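A.B. asks: Submitted below is the structure of interest, expressed as structure tokens.
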Number of protein chains: 2
Amino acid sequence: MTETPRDIEALIELMSRLPGLGPRSARRAVLAMLKRREGLMAPLAQALATVALSARDCRVCGNIGTSDLCAICADPARATGEVCVVEDVADLWAMERSRAFKGRYHVLGGTLSALDSIGPDQLRIPDLVARVAEDQVREVILALNATVDGQTTAHYIADALAPSEVRITSLAQGVPIGGELDYLDDGTIGAALRARRGV
Amino acid sequence: MTETPRDIEALIELMSRLPGLGPRSARRAVLAMLKRREGLMAPLAQALATVALSARDCRVCGNIGTSDLCAICADPARATGEVCVVEDVADLWAMERSRAFKGRYHVLGGTLSALDSIGPDQLRIPDLVARVAEDQVREVILALNATVDGQTTAHYIADALAPSEVRITSLAQGVPIGGELDYLDDGTIGAALRARRGV
């Protein structure tokens, strides 16, 4: 591939590091951009540069915004008494898309993992404990993924917050809306059965 | 999604226009970049800006390079007498990866298509005819895709070049290296049988 300009090769290599893109699809994406240099490539370069410069981690909750305090933490209309703990900014965005939650967030930045030697101090868990002690938090909602690491982390946080008098809850487990029993795993069906409610 | 900064939303929207990325995977890619702002996002913005500014279509063959004459057309070691006609820069890159061809290229920029009303004048076919007449081209190799549109275009080009005395060839069709007959379509097996050779 000596005949491909070095700049383009470097661009393909960087693009192929994005999740969901391999060397082949990165090349396809770069070619599509090369065909639309004015309409797509230049605006994308500009948008990336803007975000790379302006993006900041919120000092309170760990969400990504454009100032030291994210839009959610800065919004006086959001209830300060309810803090929803999520693993990741992606999970925060998913919660926001549901429009079901009107409180504030706390982004851990991952889950506890003995394998990757990630302990509580790497995860903003001490920040959460301090935040619950200082602010007037009434309820901590653990919205962690229903994975082994997620649930281990939820248990650890529940233990860490036990000395405070905050109410600790977690998302309900059960059949997803539109879910068909035939396609659900046994664990989900079992959890839904154990948590059954009167009609 | 009012709480996602507008810059980030704009970036996700632009990323989702790339082939192979939808709204969901574009969001994942942007989040991955937001976590690596220094290591990935800023360099990618820089690489995109560089290429968007420097990339040019070669005035002879239509390949994409960083000057008016691409590296292949500028290379005195490449045979000028053989011109390989491809639909797209992606196909040119694929030919180059094979390291099997040491001549020059002519990139059409697509195929004839009645449906999309793409005629010969949109495709750099007149350029090819002029190039064959002016330069000392001995052989034109039609390396178009084995699709209906590709083969229609190949026939059209062969007709357009008939008045000149240039030799016109096309890539062989047959069983791909490593191909298993059981997984090949009937058309390929038929073509391979018709083009069978003595052992």
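Letters A, B, ... mark the chains of the structure tokens in the order given; residue numbers begin at 1 per chain; ligand numbers begin at 1, in order shown.
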List every residue of segment 74-184 of chain A that DSSP, applied to the backbone of this structure, places in strand (DSSP E), and write the result as a count of residues only.
C.D. replies: 17
A.B. asks: Using only C-alpha atoms, determine which residues lie at most 10 Å from segment 167-176 of chain A, disregarding the query and same-chain residues fewer than 2 positions distant; provide the list as a ChimeraX atom specification.
C.D. replies: /A:82-85,137-146,154,157-158,161-162,164-165,178-181,184-185,187-196
A.B. asks: Please dump the current selection as a compact mmCIF listing (two decimals), in the first residue's frame; keep N, CA, C and O atoms.
C.D. replies:
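Generated output (again-v9.txt):
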# COMPACT_ATOMS: atom_id res chain seq x y z
N GLU A 82 -32.50 12.75 44.91
CA GLU A 82 -32.40 11.42 44.32
C GLU A 82 -31.16 11.34 43.45
O GLU A 82 -30.99 12.14 42.53
N VAL A 83 -30.28 10.39 43.73
CA VAL A 83 -29.06 10.22 42.94
C VAL A 83 -29.08 8.83 42.31
O VAL A 83 -29.19 7.82 43.01
N CYS A 84 -29.01 8.79 40.99
CA CYS A 84 -29.01 7.53 40.25
C CYS A 84 -27.56 7.17 39.91
O CYS A 84 -26.87 7.94 39.23
N VAL A 85 -27.09 6.02 40.38
CA VAL A 85 -25.70 5.61 40.16
C VAL A 85 -25.63 4.74 38.91
O VAL A 85 -26.33 3.72 38.83
N VAL A 137 -29.10 13.97 50.26
CA VAL A 137 -29.55 12.88 49.40
C VAL A 137 -30.46 11.97 50.21
O VAL A 137 -30.08 11.48 51.27
N ARG A 138 -31.66 11.74 49.69
CA ARG A 138 -32.60 10.87 50.41
C ARG A 138 -32.57 9.45 49.86
O ARG A 138 -32.81 8.49 50.56
N GLU A 139 -32.33 9.34 48.53
CA GLU A 139 -32.40 8.01 47.92
C GLU A 139 -31.28 7.85 46.89
O GLU A 139 -31.06 8.74 46.07
N VAL A 140 -30.60 6.72 46.96
CA VAL A 140 -29.60 6.36 45.95
C VAL A 140 -30.17 5.19 45.15
O VAL A 140 -30.47 4.14 45.71
N ILE A 141 -30.35 5.40 43.84
CA ILE A 141 -30.91 4.36 42.97
C ILE A 141 -29.75 3.71 42.21
O ILE A 141 -29.06 4.37 41.43
N LEU A 142 -29.50 2.43 42.47
CA LEU A 142 -28.40 1.75 41.80
C LEU A 142 -28.88 1.24 40.46
O LEU A 142 -29.64 0.27 40.38
N ALA A 143 -28.49 1.90 39.38
CA ALA A 143 -28.89 1.50 38.02
C ALA A 143 -27.69 0.88 37.32
O ALA A 143 -27.28 1.33 36.25
N LEU A 144 -27.12 -0.15 37.94
CA LEU A 144 -25.95 -0.80 37.35
C LEU A 144 -26.41 -1.94 36.45
O LEU A 144 -27.52 -2.45 36.59
N ASN A 145 -25.56 -2.32 35.53
CA ASN A 145 -25.93 -3.39 34.61
C ASN A 145 -26.16 -4.70 35.36
O ASN A 145 -25.54 -4.94 36.39
N ALA A 146 -27.05 -5.54 34.80
CA ALA A 146 -27.40 -6.80 35.45
C ALA A 146 -26.36 -7.87 35.13
O ALA A 146 -26.69 -9.00 34.79
N ALA A 154 -22.82 -3.09 42.90
CA ALA A 154 -24.02 -2.61 43.59
C ALA A 154 -23.99 -3.03 45.06
O ALA A 154 -24.28 -2.23 45.96
N ILE A 157 -21.44 -0.95 46.99
CA ILE A 157 -21.91 0.42 47.25
C ILE A 157 -22.97 0.42 48.35
O ILE A 157 -22.95 1.28 49.24
N ALA A 158 -23.87 -0.57 48.31
CA ALA A 158 -24.90 -0.66 49.34
C ALA A 158 -24.24 -0.80 50.72
O ALA A 158 -24.66 -0.14 51.69
N LEU A 161 -22.63 2.51 51.82
CA LEU A 161 -23.59 3.55 52.19
C LEU A 161 -24.42 3.17 53.41
O LEU A 161 -25.22 3.98 53.89
N ALA A 162 -24.25 1.94 53.91
CA ALA A 162 -25.10 1.46 55.01
C ALA A 162 -25.04 2.38 56.23
O ALA A 162 -26.09 2.63 56.86
N SER A 164 -24.81 5.55 56.49
CA SER A 164 -25.68 6.72 56.32
C SER A 164 -27.13 6.24 56.36
O SER A 164 -27.41 5.05 56.29
N GLU A 165 -28.06 7.16 56.47
CA GLU A 165 -29.46 6.72 56.57
C GLU A 165 -30.18 6.82 55.24
O GLU A 165 -31.41 6.85 55.19
N GLY A 178 -42.46 -5.61 25.63
CA GLY A 178 -42.39 -6.20 24.30
C GLY A 178 -41.63 -7.52 24.28
O GLY A 178 -41.50 -8.15 23.24
N GLY A 179 -41.09 -7.94 25.43
CA GLY A 179 -40.30 -9.16 25.48
C GLY A 179 -41.16 -10.41 25.36
O GLY A 179 -42.27 -10.45 25.88
N GLU A 180 -40.64 -11.41 24.63
CA GLU A 180 -41.36 -12.67 24.51
C GLU A 180 -40.67 -13.71 25.36
O GLU A 180 -39.45 -13.87 25.29
N LEU A 181 -41.46 -14.41 26.18
CA LEU A 181 -40.88 -15.36 27.14
C LEU A 181 -39.97 -16.35 26.45
O LEU A 181 -38.91 -16.72 26.96
N LEU A 184 -36.50 -15.15 26.18
CA LEU A 184 -35.81 -14.65 27.36
C LEU A 184 -34.98 -15.74 28.01
O LEU A 184 -35.33 -16.92 27.96
N ASP A 185 -33.89 -15.33 28.65
CA ASP A 185 -33.07 -16.32 29.36
C ASP A 185 -33.75 -16.74 30.65
O ASP A 185 -34.62 -16.04 31.18
N GLY A 187 -32.69 -16.87 33.68
CA GLY A 187 -32.46 -15.99 34.83
C GLY A 187 -33.49 -14.87 34.89
O GLY A 187 -34.03 -14.57 35.96
N THR A 188 -33.77 -14.27 33.74
CA THR A 188 -34.74 -13.17 33.70
C THR A 188 -36.13 -13.67 34.06
O THR A 188 -36.87 -13.04 34.82
N ILE A 189 -36.51 -14.83 33.50
CA ILE A 189 -37.84 -15.38 33.80
C ILE A 189 -37.94 -15.68 35.29
O ILE A 189 -38.95 -15.37 35.94
N GLY A 190 -36.88 -16.27 35.86
CA GLY A 190 -36.88 -16.57 37.29
C GLY A 190 -37.03 -15.30 38.12
O GLY A 190 -37.84 -15.25 39.06
N ALA A 191 -36.28 -14.24 37.74
CA ALA A 191 -36.35 -12.98 38.50
C ALA A 191 -37.74 -12.37 38.39
O ALA A 191 -38.28 -11.84 39.36
N ALA A 192 -38.32 -12.45 37.18
CA ALA A 192 -39.66 -11.87 36.98
C ALA A 192 -40.70 -12.62 37.80
O ALA A 192 -41.65 -12.03 38.32
N LEU A 193 -40.53 -13.95 37.90
CA LEU A 193 -41.48 -14.78 38.67
C LEU A 193 -41.37 -14.45 40.15
O LEU A 193 -42.39 -14.26 40.84
N ARG A 194 -40.15 -14.36 40.66
CA ARG A 194 -39.96 -14.08 42.08
C ARG A 194 -40.51 -12.68 42.44
O ARG A 194 -41.00 -12.47 43.55
N ALA A 195 -40.45 -11.75 41.50
CA ALA A 195 -40.91 -10.39 41.77
C ALA A 195 -42.33 -10.16 41.28
O ALA A 195 -42.75 -9.03 41.06
N ARG A 196 -43.10 -11.26 41.13
CA ARG A 196 -44.46 -11.13 40.55
C ARG A 196 -45.35 -10.26 41.43
O ARG A 196 -45.15 -10.19 42.65
A.B. asks: Using DSSP on the backbone coordinates, identify all residues within segment 9-175 of chain B classified as helix (DSSP H, G or I); present the result as a PyMOL selection string.
C.D. replies: chain B and resi 9-15+23-35+37-54+89-98+120-122+125-134+148-161
A.B. asks: Using only C-alpha atoms, which chain A residues lie at most 7 Å away from chain B, written as an mmCIF file with N, CA, C and O atoms, in the first residue's frame?
C.D. replies:
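Output (out_10.cif):
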data_model
loop_
_atom_site.group_PDB
_atom_site.id
_atom_site.type_symbol
_atom_site.label_atom_id
_atom_site.label_comp_id
_atom_site.auth_asym_id
_atom_site.auth_seq_id
_atom_site.Cartn_x
_atom_site.Cartn_y
_atom_site.Cartn_z
ATOM 1 N N MET A 1 0.843 -1.209 0.000
ATOM 2 C CA MET A 1 0.000 0.000 0.000
ATOM 3 C C MET A 1 0.870 1.248 0.000
ATOM 4 O O MET A 1 0.523 2.258 0.599
ATOM 5 N N GLU A 3 1.295 3.219 -2.236
ATOM 6 C CA GLU A 3 0.774 4.288 -3.088
ATOM 7 C C GLU A 3 -0.372 5.058 -2.449
ATOM 8 O O GLU A 3 -0.847 6.036 -3.008
ATOM 9 N N PRO A 5 -1.534 7.760 0.071
ATOM 10 C CA PRO A 5 -0.828 8.824 0.795
ATOM 11 C C PRO A 5 -0.766 8.522 2.289
ATOM 12 O O PRO A 5 -1.706 7.975 2.855
ATOM 13 N N ASP A 7 -0.900 10.372 4.904
ATOM 14 C CA ASP A 7 -1.927 11.018 5.722
ATOM 15 C C ASP A 7 -3.204 10.192 5.762
ATOM 16 O O ASP A 7 -3.850 10.064 6.805
ATOM 17 N N ILE A 8 -3.569 9.639 4.612
ATOM 18 C CA ILE A 8 -4.812 8.865 4.535
ATOM 19 C C ILE A 8 -4.644 7.557 5.300
ATOM 20 O O ILE A 8 -5.549 7.128 6.015
ATOM 21 N N LEU A 11 -5.025 8.282 8.913
ATOM 22 C CA LEU A 11 -6.427 8.522 9.247
ATOM 23 C C LEU A 11 -7.190 7.201 9.367
ATOM 24 O O LEU A 11 -7.966 6.999 10.309
ATOM 25 N N LEU A 14 -6.341 5.535 12.652
ATOM 26 C CA LEU A 14 -7.022 6.137 13.805
ATOM 27 C C LEU A 14 -8.504 5.751 13.821
ATOM 28 O O LEU A 14 -9.052 5.408 14.872
ATOM 29 N N LEU A 18 -11.794 3.010 16.613
ATOM 30 C CA LEU A 18 -13.126 3.255 17.178
ATOM 31 C C LEU A 18 -13.863 1.935 17.364
ATOM 32 O O LEU A 18 -13.702 1.023 16.548
ATOM 33 N N PRO A 19 -14.679 1.820 18.417
ATOM 34 C CA PRO A 19 -15.424 0.576 18.598
ATOM 35 C C PRO A 19 -16.392 0.377 17.436
ATOM 36 O O PRO A 19 -16.997 1.335 16.963
ATOM 37 N N GLY A 20 -16.494 -0.840 16.959
ATOM 38 C CA GLY A 20 -17.419 -1.144 15.872
ATOM 39 C C GLY A 20 -16.817 -0.962 14.497
ATOM 40 O O GLY A 20 -17.433 -1.321 13.500
ATOM 41 N N SER A 25 -13.766 -1.581 7.592
ATOM 42 C CA SER A 25 -14.853 -0.600 7.633
ATOM 43 C C SER A 25 -14.296 0.800 7.856
ATOM 44 O O SER A 25 -14.882 1.782 7.397
ATOM 45 N N ARG A 28 -13.538 1.972 4.445
ATOM 46 C CA ARG A 28 -14.776 2.351 3.758
ATOM 47 C C ARG A 28 -15.246 3.721 4.217
ATOM 48 O O ARG A 28 -15.672 4.551 3.419
ATOM 49 N N ALA A 29 -15.175 3.948 5.551
ATOM 50 C CA ALA A 29 -15.647 5.225 6.094
ATOM 51 C C ALA A 29 -14.778 6.370 5.572
ATOM 52 O O ALA A 29 -15.296 7.428 5.190
ATOM 53 N N ALA A 32 -15.641 7.127 1.987
ATOM 54 C CA ALA A 32 -16.906 7.876 1.901
ATOM 55 C C ALA A 32 -16.660 9.346 2.220
ATOM 56 O O ALA A 32 -17.225 10.231 1.575
ATOM 57 N N ARG A 37 -15.614 15.631 0.790
ATOM 58 C CA ARG A 37 -14.651 16.358 1.612
ATOM 59 C C ARG A 37 -15.257 17.625 2.198
ATOM 60 O O ARG A 37 -15.052 17.935 3.370
ATOM 61 N N MET A 41 -16.360 15.543 5.531
ATOM 62 C CA MET A 41 -15.068 15.395 6.186
ATOM 63 C C MET A 41 -14.666 16.659 6.949
ATOM 64 O O MET A 41 -14.288 16.585 8.125
ATOM 65 N N ALA A 42 -14.763 17.814 6.310
ATOM 66 C CA ALA A 42 -14.366 19.054 6.976
ATOM 67 C C ALA A 42 -15.262 19.361 8.185
ATOM 68 O O ALA A 42 -14.748 19.682 9.264
ATOM 69 N N LEU A 44 -16.861 17.235 10.023
ATOM 70 C CA LEU A 44 -16.576 16.252 11.064
ATOM 71 C C LEU A 44 -15.271 16.590 11.783
ATOM 72 O O LEU A 44 -15.184 16.495 13.020
ATOM 73 N N ALA A 45 -14.255 16.999 11.015
ATOM 74 C CA ALA A 45 -12.991 17.415 11.635
ATOM 75 C C ALA A 45 -13.237 18.574 12.596
ATOM 76 O O ALA A 45 -12.719 18.597 13.722
ATOM 77 N N ALA A 47 -16.135 19.408 14.088
ATOM 78 C CA ALA A 47 -16.945 18.989 15.239
ATOM 79 C C ALA A 47 -16.093 18.242 16.251
ATOM 80 O O ALA A 47 -16.227 18.435 17.473
ATOM 81 N N LEU A 48 -15.190 17.392 15.759
ATOM 82 C CA LEU A 48 -14.307 16.642 16.656
ATOM 83 C C LEU A 48 -13.383 17.583 17.418
ATOM 84 O O LEU A 48 -13.195 17.438 18.630
ATOM 85 N N ALA A 49 -12.815 18.546 16.700
ATOM 86 C CA ALA A 49 -11.892 19.477 17.351
ATOM 87 C C ALA A 49 -12.628 20.283 18.418
ATOM 88 O O ALA A 49 -12.115 20.485 19.529
ATOM 89 N N VAL A 51 -15.363 19.459 20.151
ATOM 90 C CA VAL A 51 -15.703 18.638 21.315
ATOM 91 C C VAL A 51 -14.443 18.266 22.099
ATOM 92 O O VAL A 51 -14.445 18.302 23.334
ATOM 93 N N ALA A 52 -13.365 17.927 21.370
ATOM 94 C CA ALA A 52 -12.127 17.553 22.061
ATOM 95 C C ALA A 52 -11.641 18.695 22.952
ATOM 96 O O ALA A 52 -11.104 18.478 24.034
ATOM 97 N N GLY A 65 -19.741 17.018 29.980
ATOM 98 C CA GLY A 65 -20.414 18.234 29.526
ATOM 99 C C GLY A 65 -19.410 19.191 28.973
ATOM 100 O O GLY A 65 -18.301 18.799 28.604
ATOM 101 N N THR A 66 -19.788 20.457 28.892
ATOM 102 C CA THR A 66 -18.868 21.447 28.340
ATOM 103 C C THR A 66 -18.408 22.441 29.402
ATOM 104 O O THR A 66 -17.790 23.442 29.069
ATOM 105 N N ALA A 71 -24.787 19.917 32.603
ATOM 106 C CA ALA A 71 -26.100 20.564 32.458
ATOM 107 C C ALA A 71 -27.098 20.012 33.474
ATOM 108 O O ALA A 71 -27.980 20.733 33.941
ATOM 109 N N ILE A 72 -26.975 18.733 33.819
ATOM 110 C CA ILE A 72 -27.932 18.133 34.759
ATOM 111 C C ILE A 72 -27.665 18.650 36.172
ATOM 112 O O ILE A 72 -28.587 19.055 36.885
ATOM 113 N N GLU A 96 -31.520 9.009 30.434
ATOM 114 C CA GLU A 96 -32.110 10.280 30.013
ATOM 115 C C GLU A 96 -33.075 10.077 28.843
ATOM 116 O O GLU A 96 -34.105 10.746 28.776
ATOM 117 N N ARG A 97 -32.717 9.164 27.926
ATOM 118 C CA ARG A 97 -33.612 8.923 26.796
ATOM 119 C C ARG A 97 -34.966 8.403 27.266
ATOM 120 O O ARG A 97 -35.986 8.668 26.649
#
